Structure formats: structure tokens, C-alpha cells
Amino acid sequence: MRPSSDMTTHWLEQAGRHPLLTAAEELHLGGLVRAWQDWDPSADQAPPSVRRRGLRARDRMVSANLRLVAHVARRARHGLGVAVAEADLPDLLQAGAIGLQRGVEKFDPTRGYKLSTYAYWWIRQGISRHIDSHGRTIRIPTTHTGTIARAGKVAAALAAHLGRTPSRAELAQELGIAQAELEHLLLIGAGCHSLDAPLPGSTSGDPSALIDMLSADEDEPPSPRRDELLALVGMLDERAQRLIRGRYGLGEPVVGVAELAQRERMSVHRARGLIRLAENTMRRLSPAVSLPVPPSNPAPMPDGAELGEQLELL
């Protein structure tokens with residue numbers, strides 16, 4: 001059994017040893033916690049006896065609801081839209097327990113609802129914040145994660161309604177935000193990729209990696225794959241060569257499709273179509289070629305199908 005499984009099993013066993021609270025016990029213990037938390041001017045200045053009783057009541061209420069934490073954590077691993085490894089389950093349980101403790105301190109038994117109903121949101125929030133902080137290589141501000149998740153759901157709903165991928169402008173209008181803000185959210189919400197990871201379309205025998213497509217230093221010999229790619233580009237017509245070189249940064253700075261279209265005095269839609277046609281021609285000339293992922297650049301990505309590709313990473 002793996003160490004993470006041992007930790008999870010031990011945590012669940014400890015949670016199962018604490019009996020559930022009756023309605024009367026929950027009301028009594030909740031009152032002791034409220035007497036401590038509502039002390040004027042602050043809970044830290046409450047008398048030692050009040051604070052001691054409040055702490056004991058809080059710990060008793062938390063212990064009795066740890067099974068709810070396990071339930072929420074297991075669902076969160078599949079329902080939050082973030083891949084969480086098995087080894088992270090003990091961390092999710094701990095984050096959920098912290099959220100439960102915060103919910104117990106905020107719980108008011110006089111309002112008439114059960115602690116489990118009220119604490120569920122606090123547990124889920126604690127787990128969500130933990131995933132937001134540790135689920136990515138680069139942490140996204142908590143204030144943006146909700147909007148990014150909502151953008152994905154709204155984009156899927158619009159695609160089903162329109163029968164096509166919504167444009168950036170349509171999605172921004174539906175979200176009620178500026179298009180520039182949407183561009184920023186999609187940029188910070190994009191995932192990270194390893195330079196050593198195989199590129200899509202690479203063969204298992206000789207996989208191509210993104211690092212192989214990066215520009216080599218002047219003192220280093222060029223990559224064989226890069227030489228092959230440049231040779232294929234040389235078989236295209238002059239306009240296609242300019243578009244491919246600019247889009248992939250082959251011998252010149254990387255630019256966006258919009259700037260390439262402006263250079264060639266054509267529409268963005270036309271430029272994108274010519275780039276795709278050139279890519280397909282290169283694949284026909286050399287079926288084993290693995291085109292690199294276009295490097296990121298400050299220019300905004302075009303509307304259309306690429307929007308769906310971005311939202312799949314959220």
C-alpha cells in the first residue's frame with residue numbers, strides 16, 4: 001500500500017471514531033462557540049473559561065463532521081475540473097478540515113439549519129482554494145479562478161446554443177466583461193507545458209519535443225529537426241513562407257496572426273486559412289514532420305476555434 005493510501009486510511013479511521021452529534025448537542029455546542037466568537041470586543045479577549053469552553057466545543061463539532069470532509073474531498077477530485085493525483089488526497093482532507101473549522105466558528109445554531117448544511121460550503125471553499133494554490137505550476141490569483149471557471153461553462157453553453165465556437169467578443173459580452181479582460185484571463189489561465197514533453201503528432205520511436213524547435217544559439221549547431229522544418233518551409237511559395245516563418249518564429253521574431261495579416265494586407269481569417277493550408281502542405285510533403293506549437297507572444301490570439309482550445313486548458 002502506498003504511503004498516501006496509508007495516510008488517507010488512517011485519517012478516515014480517525015474520523016469514523018467520533019460519533020455524530022444530535023440536534024440538541026449541536027445546538028448546545030454551537031452556543032458555546034458563539035459565546036466565544038461573539039465576545040466583545042474580540043474573541044481573543046474573551047475570559048479564559050469562555051475561550052476554553054468554546055475551543056472544546058469547536059473541536060468536538062469539527063471531529064463529529066470529519067466524515068463530511070471526506071465526502072466532499074472525494075467528490076472534489078472529480079467535480080472541480082482539476083486533475084488531482086491520489087497522493088494529494090490527504091492534503092485535500094486537511095484543507096477541507098481547515099475549511100470545516102472556519103465554518104464551525106461562523107456557524108449560528110439559532111438560525112435553524114444544520115451544521116452540515118452550512119459547513120458544506122466552507123469545506124468546499126477550503127478544498128478549492130488549496131487546489132487553486134497547488135494545482136498549477138504558476139498560481140492564479142483566487143479572485144480570477146471563479147471567473148475563469150465561469151468562462152469555460154459559458155463558452156460551452158454558447159457553443160451548444162450557436163452550433164459553433166463563440167468568438168472572444170461574444171463570450172466577453174455574455175460574461176459582462178471587456179474583451180481585453182477576457183484575453184488577460186485566458187492568458188493567465190493557460191496551462192504550462194514541459195519543454196521535454198513530446199509534441200502532438202510525434203511518433204513513439206522518435207518523439208519531437210518543444211525544446212528541439214527552439215532557436216539554437218549562434219555557437220551551437222542547429223537541430224536536425226529544425227533543419228528538416230526549414231527545408232519544408234523552403235518548398236512553399238513566398239507568401240506562405242513569410243506566414244509560417246513569422247507564426248513559428250523561424251529566423252525572425254514571433255508575431256500573431258493579426259499582425260501577419262496586416263503585413264500581407266489581408267484579413268485575419270484569410271491569413272489563418274493560408275497558415276493552415278501551408279501546414280497541411282508541409283505534412284503531405286513529410287508525413288513524419290512534427291510542427292512545433294506556435295510560441296506565445298503578446299499579441300492577442302484570434303477568435304474562432306482556437307478559443308475552444310484555450311478553454312479546454314482551464
# chains A, B, ... in the order shown; residues from 1 in each chain; ligands from 1
$ residues_around --residues "Leu171 in chain A" --least-positions-apart "4" --cutoff "8 Å" --atoms "only C-alpha atoms" --output "list in words"
Ala151, Val154, Ala155, Leu158, Pro166, Ser167 and Leu175 of chain A
$ residues_around --residues "range 123-130 of chain A" --least-positions-apart "2" --cutoff "9 Å" --atoms "only C-alpha atoms" --output "list in words"
Leu68, Val69, Val72, Ala73, Ala76, Leu80, Asp91, Leu92, Leu93, Gln94, Ala95, Gly96, Ala97, Ile98, Gly99, Leu100, Gln101, Arg102, Gly103, Ala119, Tyr120, Trp121, Asp132, Ser133, His134, Gly135 and Thr142 of chain A
$ write_last_selection --atoms "C-alpha atoms" --output "PDB file, in the first residue's frame"
ATOM      1  CA  LEU A  68     -18.429  15.136   5.669  1.00  0.00           C
ATOM      2  CA  VAL A  69     -14.952  16.433   4.797  1.00  0.00           C
ATOM      3  CA  VAL A  72     -16.611  16.496  -0.161  1.00  0.00           C
ATOM      4  CA  ALA A  73     -12.914  15.789  -0.826  1.00  0.00           C
ATOM      5  CA  ALA A  76     -13.889  17.408  -5.411  1.00  0.00           C
ATOM      6  CA  LEU A  80     -13.820  20.662  -9.653  1.00  0.00           C
ATOM      7  CA  ASP A  91      -3.805  17.352   1.512  1.00  0.00           C
ATOM      8  CA  LEU A  92      -7.387  17.808   0.311  1.00  0.00           C
ATOM      9  CA  LEU A  93      -8.688  16.269   3.521  1.00  0.00           C
ATOM     10  CA  GLN A  94      -6.527  18.618   5.574  1.00  0.00           C
ATOM     11  CA  ALA A  95      -7.646  21.653   3.558  1.00  0.00           C
ATOM     12  CA  GLY A  96     -11.279  20.575   3.942  1.00  0.00           C
ATOM     13  CA  ALA A  97     -10.832  20.184   7.715  1.00  0.00           C
ATOM     14  CA  ILE A  98      -9.460  23.724   7.908  1.00  0.00           C
ATOM     15  CA  GLY A  99     -12.492  24.956   5.992  1.00  0.00           C
ATOM     16  CA  LEU A 100     -14.768  22.986   8.326  1.00  0.00           C
ATOM     17  CA  GLN A 101     -13.140  24.602  11.355  1.00  0.00           C
ATOM     18  CA  ARG A 102     -13.741  28.036   9.864  1.00  0.00           C
ATOM     19  CA  GLY A 103     -17.366  27.099   9.167  1.00  0.00           C
ATOM     20  CA  ALA A 119     -20.281  23.794   6.676  1.00  0.00           C
ATOM     21  CA  TYR A 120     -20.505  22.127   3.264  1.00  0.00           C
ATOM     22  CA  TRP A 121     -19.752  25.434   1.506  1.00  0.00           C
ATOM     23  CA  ASP A 132      -6.059  26.767  -6.853  1.00  0.00           C
ATOM     24  CA  SER A 133      -2.850  27.323  -4.879  1.00  0.00           C
ATOM     25  CA  HIS A 134      -1.163  23.958  -5.512  1.00  0.00           C
ATOM     26  CA  GLY A 135      -2.783  22.551  -8.665  1.00  0.00           C
ATOM     27  CA  THR A 142      -8.024  33.493  -6.209  1.00  0.00           C
TER      28      THR A 142
END
$ residues_around --residues "range 48-59 of chain A" --least-positions-apart "3" --cutoff "7 Å" --atoms "only C-alpha atoms" --output "number ranges by chain"
A: 29, 32-33, 36, 62-63, 104
$ closest_residue --among "A:Leu236, A:Ala180, A:Met61, A:Leu243" --to "Gln262 in chain A" --atoms "only C-alpha atoms"
A:Leu243
